[in-house]
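Student: Here it is, the structure in full.
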Amino acid sequence: MRIDSLNFSAKLGLSGFLITVILGALSAVTLIGLLYSKHNSGFNIPDMDKVQSHYSDSSLVSAMKGSMYEYVAEDGDIDVIDKWIADGAKNDAFFKEEVLYIIEEDCQKCHSRKSQMSKAITSMPFSSYDDIVKYTEGGYSWTKMAKTAHIHLFGIAVFLVIVSMVMAFSSYVAWIKVLLISAGWIALWLDIASWWLAKFSSMFAYMISVAGGVEIGAVCAMSGLCLLNLWFKLPDAILERSETSSE
């Protein structure tokens with residue numbers, strides 16, 4: 001059975017699913033561009049420095065470079081915090097004289113158990129060494145990484161297997177189907193694997209971007225091609241021989 005032989009109602013339902021997948025992928029691209037760039041609207045190319053910081057820097061430094069950057073008094077403050085963490089994040093004189101002063105000036109207005117600010121995060125106080133040191137591990141914590149990775153894998157696998165099966169029952173030549181289906185799954189595995197590896201080398205941030213782009217591209221390509229196959233006559237050059245010989 002090929003998807004182009006389905007009845008009208010089946011084609012309509014499948015088309016709704018495929019269009020939704022494409023819209024979801026475009027929304028993901030939009031979100032990634034906004035999270036990892038300096039823009040607040042539109043499609044944007046992620047800034048690799050921000051991607052590297054998110055996956056390899058500590059959550060404290062990553063936040064200061066990214067979502068909390070507007071609250072940082074001077075860029076040099078980030079360098080001081082980064083140096084302290086690189087040197088072992090010790091509760092020493094440097095922490096008490098340099099790091100704690102920066103935290104008090106840049107962070108404690110909101111990150112305090114007693115903060116009255118409208119954006120206060122009282123559940124994440126930065127009042128003492130013990131409070132702050134929790135956020136000095138490079139990249140995601142192992143617990144957060146495992147939690148995020150398994151949700152991501154299971155979530156994407158659900159719709160990717162459906163899109164893959166729809167593509168497998170399309171009328172396209174085998175090499176197109178094998179290429180796109182393989183690209184989607186391999187890119188997903190490389191993407192998640194690079195999340196973990198980026199904790200040890202920031203260079204894997206580039207793999208995250210490349211694999212993520214291939215993953216979204218493959219999903220959109222399969223969905224778009226299947227939509228065409230559902231509703232339009234395809235050129236013989238891209239059809240399987242059994243399809244062309246039966247006409």
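Starting from 1 in every chain, residues are counted up; chains themselves are A, B, ... following the order of the structure tokens, and ligands are numbered from 1 as listed.
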Using only C-alpha atoms, what does the table of range 131-230 of chain A residues within 12 Å of range 91-97 of chain A look like, with each row giving the shortest atom pair and its distance in Å to one decimal, sorted by chain and ascending number, as CSV?
Tutor:
```
residue,atom,partner,partner_atom,distance
A:Asp131,CA,A:Asn91,CA,11.6
A:Ile132,CA,A:Asn91,CA,10.3
A:Val133,CA,A:Asn91,CA,8.9
```
Student: Could you find all residues in range 66-168 of chain A that DSSP calls helix (DSSP H, G or I) from the backbone, and write them as JSON, numbers by chain?
Tutor: {"A": [69, 70, 71, 75, 76, 77, 78, 79, 80, 81, 82, 83, 84, 85, 86, 93, 94, 95, 96, 97, 98, 99, 100, 101, 102, 103, 104, 105, 106, 129, 130, 131, 132, 133, 142, 143, 144, 145, 146, 147, 148, 149, 150, 151, 152, 153, 154, 155, 156, 157, 158, 159, 160, 161, 162, 163, 164, 165, 166, 167, 168]}
Student: Listing only residues of range 164-241 of chain A within 10 Å of range 46-54 of chain A, what is the closest atom pair and its distance in Å (to one decimal) for each, using only C-alpha atoms, sorted by chain and residue number ascending, as a Markdown table?
Tutor:
```
| residue | atom | partner | partner_atom | distance |
| --- | --- | --- | --- | --- |
| A:Trp195 | CA | A:His54 | CA | 9.8 |
| A:Ala198 | CA | A:Gln52 | CA | 7.7 |
| A:Lys199 | CA | A:Gln52 | CA | 9.5 |
| A:Ser201 | CA | A:Gln52 | CA | 9.1 |
| A:Ser202 | CA | A:Gln52 | CA | 5.5 |
| A:Met203 | CA | A:Gln52 | CA | 7.6 |
| A:Phe204 | CA | A:Gln52 | CA | 8.1 |
| A:Ala205 | CA | A:Gln52 | CA | 5.2 |
| A:Tyr206 | CA | A:Met48 | CA | 7.4 |
| A:Ile208 | CA | A:Val51 | CA | 8.6 |
| A:Ser209 | CA | A:Val51 | CA | 8.2 |
```
Student: Measure the distance from CA of Lys233 in chain A to CA of Ser171 in chain A in Å and round it to one decimal.
Tutor: 10.2 Å
Student: Given only C-alpha atoms, how would the per-residue table for range 2-31 of chain A near range 210-213 of chain A read, listing every residue at most 12 Å away with its closest atom pair and distance in Å to one decimal, sorted by chain and number, as CSV?
Tutor:
```
residue,atom,partner,partner_atom,distance
A:Ala25,CA,A:Gly213,CA,10.3
A:Leu26,CA,A:Gly213,CA,11.1
A:Ala28,CA,A:Gly212,CA,10.2
A:Val29,CA,A:Gly213,CA,8.6
```
Student: Write out, as a compact mmCIF listing (two decimals), in the first residue's frame, the residues just selected, with all heavy atoms.
Tutor:
```
# COMPACT_ATOMS: atom_id res chain seq x y z
N ALA A 25 8.24 22.15 13.76
CA ALA A 25 9.68 22.25 13.48
C ALA A 25 10.09 23.70 13.26
O ALA A 25 11.13 24.16 13.76
CB ALA A 25 10.03 21.42 12.24
N LEU A 26 9.26 24.45 12.54
CA LEU A 26 9.56 25.87 12.30
C LEU A 26 9.50 26.66 13.61
O LEU A 26 10.29 27.58 13.83
CB LEU A 26 8.57 26.45 11.29
CG LEU A 26 8.68 25.90 9.86
CD1 LEU A 26 7.60 26.50 8.97
CD2 LEU A 26 10.06 26.19 9.27
N ALA A 28 10.24 25.41 16.51
CA ALA A 28 11.47 25.04 17.24
C ALA A 28 12.66 25.84 16.72
O ALA A 28 13.49 26.31 17.52
CB ALA A 28 11.73 23.54 17.08
N VAL A 29 12.74 26.01 15.41
CA VAL A 29 13.82 26.80 14.81
C VAL A 29 13.75 28.25 15.30
O VAL A 29 14.77 28.86 15.64
CB VAL A 29 13.74 26.75 13.27
CG1 VAL A 29 14.71 27.76 12.66
CG2 VAL A 29 14.06 25.35 12.77
```
Student: Could you produce a table of the residues of range 80-161 of chain A lying within 12 Å of range 216-227 of chain A, with the nearest pair of atoms per residue and their separation in Å rounded to one decimal, using only C-alpha atoms, ordered by chain and increasing residue number, as a tab-separated table?
Tutor:
```
residue	atom	partner	partner_atom	distance
A:Ile156	CA	A:Val219	CA	10.3
A:Ala157	CA	A:Val219	CA	11.4
A:Phe159	CA	A:Val219	CA	9.3
A:Leu160	CA	A:Val219	CA	7.3
A:Val161	CA	A:Val219	CA	10.3
```
Student: Nearest residue to Met64 in chain A out of A:Leu197, A:Ile45, A:Asp87, A:Cys107, using only C-alpha atoms?
Tutor: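 Closest candidate: A:Cys107.
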Student: Using only C-alpha atoms, which protein or nucleic acid residues come within 12 Å of Lys65 in chain A? Drop anything in the same chain fewer than 6 positions from it, and give the result as number ranges by chain.
Tutor: A: 35-38, 47, 49-54, 57-59, 71-79, 81-82
Student: Which residue gives the smallest distance to Ala149 in chain A among A:Phe17, A:Trp189, A:Trp231, A:Trp84, with only C-alpha atoms counted?
Tutor: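 Between A:Phe17, A:Trp189, A:Trp231, A:Trp84, the residue approaching Ala149 in chain A most closely is A:Trp189.
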Student: Taking only C-alpha atoms into account, name the residue in A:Ser56, A:Lys177, A:Ile151, A:Tyr172 that is nearest to Arg241 in chain A.
Tutor: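 Closest residue, counting only C-alpha atoms: A:Tyr172.
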Student: Might you pull out every residue within 10 Å of Ala174 in chain A, with only C-alpha atoms counted and same-chain residues fewer than 4 positions away left off, and present them as a list in words?
Tutor: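 So the residues in contact are Ala168, Ser170, Val178, Leu179, Ile238, Leu239, Glu240 and Arg241 of chain A.
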Student: Which distance in Å separates CA of Ile121 in chain A and CA of Glu137 in chain A, to one decimal?
Tutor: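 CA of Glu137 in chain A lies 20.0 Å from CA of Ile121 in chain A.
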